[in-house]
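**Q** The structure follows.
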Amino acid sequence: MKIFFSTAVFLILFAVAAGQAQQNITIGLTVSKTGALNVDSTEQYRGFELWRDQVNAAGGIKAGGKNYKVQFVSYDDESNGKRVQQLYSRMILQDNADFLFSPYSSGLTATAAIITEQYGKIMLTTGAAEGKTYTLGNHSLFQMFAPGTEYLKGALDALKSKDPKATVAFVYEDASFSNSVVDPAKAHAQQIGLSVIFNEKYAPNTTDFSSIIDKVIASKATVLMGGGHYADGSTLAKQLYEHKVPLKMICLLVAPDSPQWTELGDAAVGVVVPSQWEPQVSLKAQYGPSGADFAKWYKAKYNAEPSYESAGGYAAGLILQRAIEQAGGTDTAKVTDALNKTDITTFYGRTKFSTAANEHGLQVGHAMVLAQWQKDKSGKSVKQVVWPLAAKSASLMYPIH
Amino acid sequence: MIDGLLIGCVYGLAAMGLSLVWGVMDVINLTHGAVTVLGMFGMYLLFSAFPVNAYLLLLPVIVAGLLLGLLIYWTAVHWVIDRPQLASLLSTFAVNMIIIGAGTAIWSTSPYNVNYTLRGITIGAYTFTGNHIAAAAGAVIIALALELFLYRTRAGKAIRAVADNREAAELMGISSTAVLALAFAIGIALAMASGALVSTLFPFTILSGATYQMKSFVVTVLAGLGKPMGALVAGILLGLLEGAVTPFIAVSWIPVIEFGLFVVALVAFPKGLFAKATA
């Protein structure tokens, strides 16, 4: 009996001691497993997941002499803001999340940000470009994506260099993200002297674009820019193609970056997309893997090319990891400080957060590129980087028909 | 405008089922939207399993619709048919929620697509997609088939008799229960057929039925109850209205105008544009 007892005590002490060396970090996040944002959100989640699995395989995040194993607590937000509200509260209060990653999309992230700020928790946002969220006074939000104001600048500059007489039609989703992109784009177009002759928003979840398309045809615009997310963007592209609208350039947000875009067949070719990241852009990474390695591992695990949503997810993990390392632990104040001081280049690009009180957390270091789907010699559709010229892997196809 | 005409045919078909059921048994079928979505999913599932001409798959969808209609009739409608209208309204509303709930559990609210495309026709700068043309043709053919059925067959005559005066029909030896069940089944089948046609035009989710329920109401009220061809024409009018108005205003105003029309129809034409004068 005595031997049994002392052995048990010894084993318990041993387990506790062993446990001390290995600790867990819990990161809370939601994924849109259902609903209209499903495609984009899944790609983002895969970025998070790949980072977590690799960090853990390497022994965890090493900070302050300890090894921190990363675990996720995640739920399906159903692409629905009310669910985001409930779930982020739950993850903070019941699941004891140390840090949070945002859901996918500007709209859902704005909702999650209210909750995380309320409880003073750090949230890294990715898949969310709307800048307004950071102007409402926050302490612990950190944006990975270049903000909406940057999206269409490149597309408009590229267009101006090819065809200064082009006439532009903006057709876009009436939602926080697309509004945050198109409003500054209109101003930029005017500034560089491009003529905007048509402008119309459509309600989210619109599936019938035929009346808008007829109006675009009647306006005789030669370029169309806009869209929103995958569901509406892909439907709009399909219907533009079916109606044989004579456009010289089509630039849509988000949707064309997904590897699923090729399902549209011929309707997919020639469409341009502003991108947060493309595998062809080669940067020297100061921290973390190279872009080529990231793309290789991603393809091996998921049998698909990574989109910029996936890159954003992985990069969010890297930046948080580095901040924890720099802070020597998981203390919120120290990690916040480390994130505020971040100015580093990873495979994803340069990441630097604004520390000004009126836009804390806004991404100010990251530059965007323009990608276009083109047919290669074998007839397969591939995405090429076409702008800026210094980063391009192929020339912009213009006109597309 | 022509796009409006084409989509209007589909609206008309969608409304025909609602109009028939309402006219024959004075039941406002609130499952109409949900059943339309079941038609969309039916086409999607059949097309995924048998990638043939999607329009051939309409037939099994219609058959499924008839069976489903009989099921809904016997479980939810038959028992409340003689009670005040509120009872059948609540009963069909309950079935509607059940269908949407079950559908969401199975398919979630993600969008689905039926990827079948027919070549379109191009006139000048405008192209009319083959799918729109086929959907409109399908709607018209089914409407004509229904007219033939109602006016040239005994069963059809029985339905019209029960719609006119149920007691008199029963006195003439017509089993009103069988007739009501058949009429309801046809109504559901029509809704499912219109859903199946719509699925080839746009992506849909389990919640897409609400739009068609609303448009069907507007069309039915406009046309008057119980006249299927009237519903088709009113549907076309609605489609044309949409086509005529959208070049001049933002697309989001369309429901406002449609429901404005709804109110005007209720006030100015309470029996509908095409209702025959009752003796």
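By order of appearance in the structure tokens: chains A, B, ..., then residues from 1 within every chain, and ligands from 1 in the order shown.
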If you run DSSP over the backbone, which residues in segment 139-279 of chain B end up alpha helix (DSSP H)? Put them as JSON, numbers by chain.
**A** {"B": [139, 140, 141, 142, 143, 144, 145, 146, 147, 148, 149, 150, 151, 152, 154, 155, 156, 157, 158, 159, 160, 161, 162, 163, 164, 166, 167, 168, 169, 170, 171, 176, 177, 178, 179, 180, 181, 182, 183, 184, 185, 186, 187, 188, 189, 190, 191, 192, 193, 194, 195, 196, 197, 198, 199, 209, 210, 211, 212, 213, 214, 215, 216, 217, 218, 219, 220, 221, 222, 223, 228, 229, 230, 231, 232, 233, 234, 235, 236, 237, 238, 239, 240, 241, 242, 243, 244, 245, 254, 255, 256, 257, 258, 259, 260, 261, 262, 263, 264, 265, 266, 267, 268]}
**Q** Given a cut-off of 9 Å, which residues of chain A touch chain B, counting only C-alpha atoms, written out as a list in words?
**A** Lys33, Thr34, Gly35, Ala36, Leu37, Asn38, Glu78, Ser79, Glu200, Lys201, Tyr202, Ala203, Thr207, Asp208, Ser210, Ser211, Ile212, Asp214, Lys215, Ile217, Ala218, Ala231, Thr235, Gln239, Glu242, His243, Lys244, Val245 and Pro246 of chain A
**Q** Quick one: residues within 9 Å of Asn56 of chain A, only C-alpha atoms counted, chain neighbours fewer than 6 positions away excluded, as a list in words?
**A**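 Listing them by chain and then by number gives Tyr68, Lys69, Val70 and Gln71 of chain A.
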**Q** May I have the selected residues written with C-alpha atoms, as a CSV table (one decimal), in the first residue's frame?
**A**
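Result file out.csv:
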chain,number,residue,atom,x,y,z
A,68,TYR,CA,4.2,26.9,-25.9
A,69,LYS,CA,2.1,24.4,-27.9
A,70,VAL,CA,-0.6,26.2,-30.0
A,71,GLN,CA,-4.1,25.0,-29.8
**Q** Considering only C-alpha atoms, can you say which of B:Ser199, B:Ala158, B:Lys215, B:Asp26 comes closest to Met43 of chain B?
**A**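 Once distances to Met43 of chain B are computed over only C-alpha atoms, the minimum belongs to B:Ser199.
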**Q** List every residue of segment 100-297 of chain A that DSSP, applied to the backbone of this structure, places in strand (DSSP E), and write the result as an MDAnalysis selection string.
**A** chainID A and resid 100:101 123:125 141:143 167:173 195:202 223:227 249:253 272:275
**Q** Just write the chosen residues, C-alpha atoms, as a compact mmCIF listing (two decimals), in the first residue's frame.
**A**
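What landed in part26.txt:
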# COMPACT_ATOMS: atom_id res chain seq x y z
CA LEU A 100 -7.92 35.73 -31.07
CA PHE A 101 -7.76 35.57 -34.84
CA MET A 123 -6.91 40.05 -31.98
CA LEU A 124 -4.93 39.74 -35.20
CA THR A 125 -7.25 40.42 -38.10
CA LEU A 141 -6.38 45.14 -32.86
CA PHE A 142 -3.73 44.35 -35.45
CA GLN A 143 -4.53 44.25 -39.17
CA THR A 167 -14.27 54.45 -69.35
CA VAL A 168 -14.85 52.76 -66.01
CA ALA A 169 -17.98 51.24 -64.51
CA PHE A 170 -18.03 50.43 -60.80
CA VAL A 171 -20.45 47.60 -59.97
CA TYR A 172 -20.04 46.41 -56.41
CA GLU A 173 -21.59 44.84 -53.35
CA SER A 195 -13.28 58.69 -66.58
CA VAL A 196 -15.86 56.93 -64.35
CA ILE A 197 -19.15 56.78 -66.26
CA PHE A 198 -21.26 54.29 -64.34
CA ASN A 199 -21.63 53.45 -60.68
CA GLU A 200 -24.05 51.06 -59.04
CA LYS A 201 -24.14 49.02 -55.85
CA TYR A 202 -26.07 45.78 -55.50
CA VAL A 223 -13.86 48.55 -68.07
CA LEU A 224 -15.75 47.08 -65.11
CA MET A 225 -14.39 47.06 -61.56
CA GLY A 226 -16.04 45.90 -58.37
CA GLY A 227 -17.68 42.76 -57.03
CA MET A 249 -10.89 44.74 -68.62
CA ILE A 250 -12.77 43.19 -65.69
CA CYS A 251 -11.33 43.69 -62.22
CA LEU A 252 -13.16 41.94 -59.38
CA LEU A 253 -12.41 41.88 -55.67
CA VAL A 272 -7.93 40.82 -62.86
CA VAL A 273 -7.83 40.73 -59.06
CA PRO A 274 -6.10 42.98 -56.52
CA SER A 275 -4.12 40.64 -54.33
**Q** Could you list, as a list of chain:residue names, every residue within 12 Å of segment 152-155 of chain B, counting only C-alpha atoms and ignoring same-chain residues fewer than 6 positions away?
**A** B:Leu144, B:Ala145, B:Leu146, B:Ala161, B:Val162, B:Ile174, B:Ser175, B:Ser176, B:Ala178, B:Val179, B:Leu180, B:Ala181, B:Leu182, B:Ala183, B:Ile186
**Q** By how many Å are atom CA of Val63 of chain B and atom CA of Tyr212 of chain B apart?
**A** 20.8 Å
**Q** Fewer than 3 positions away in the same chain doesn't count, so skip those; otherwise give me all residues within 12 Å of Tyr119 of chain A, counting only C-alpha atoms, as a PyMOL selection string.
**A** chain A and resi 88-93+96-100+112-116+122-123+138-140+332
**Q** Would you save the residues of that selection, restricted to C-alpha atoms, as a tab-separated table (two decimals), in the first residue's frame?
**A**
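Once written, again19.tsv looks like this:
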chain	number	residue	atom	x	y	z
A	88	TYR	CA	-16.20	35.38	-29.63
A	89	SER	CA	-17.72	36.07	-26.22
A	90	ARG	CA	-17.79	32.34	-25.59
A	91	MET	CA	-14.20	31.81	-26.67
A	92	ILE	CA	-12.98	34.58	-24.37
A	93	LEU	CA	-15.13	33.85	-21.34
A	96	ASN	CA	-10.16	30.96	-22.05
A	97	ALA	CA	-8.63	31.98	-25.35
A	98	ASP	CA	-5.32	33.80	-24.85
A	99	PHE	CA	-5.39	35.43	-28.27
A	100	LEU	CA	-7.92	35.73	-31.07
A	112	ALA	CA	-15.65	40.47	-33.46
A	113	ALA	CA	-13.49	43.55	-32.78
A	114	ILE	CA	-16.16	45.04	-30.54
A	115	ILE	CA	-16.09	41.92	-28.37
A	116	THR	CA	-12.32	41.51	-28.19
A	122	ILE	CA	-5.43	40.87	-28.57
A	123	MET	CA	-6.91	40.05	-31.98
A	138	ASN	CA	-8.78	50.41	-30.01
A	139	HIS	CA	-5.76	49.10	-28.12
A	140	SER	CA	-5.34	45.52	-29.20
A	332	THR	CA	-1.13	40.56	-23.03
**Q** Enter the distance from atom CA of Lys271 of chain B to atom CA of Val221 of chain B, in Å, rounded to one decimal.
**A** 7.7 Å
**Q** Interatomic distance between atom CA of Leu190 of chain B and atom CA of Leu236 of chain A?
**A**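 Answer for the atom CA of Leu190 of chain B to atom CA of Leu236 of chain A separation: 28.7 Å.
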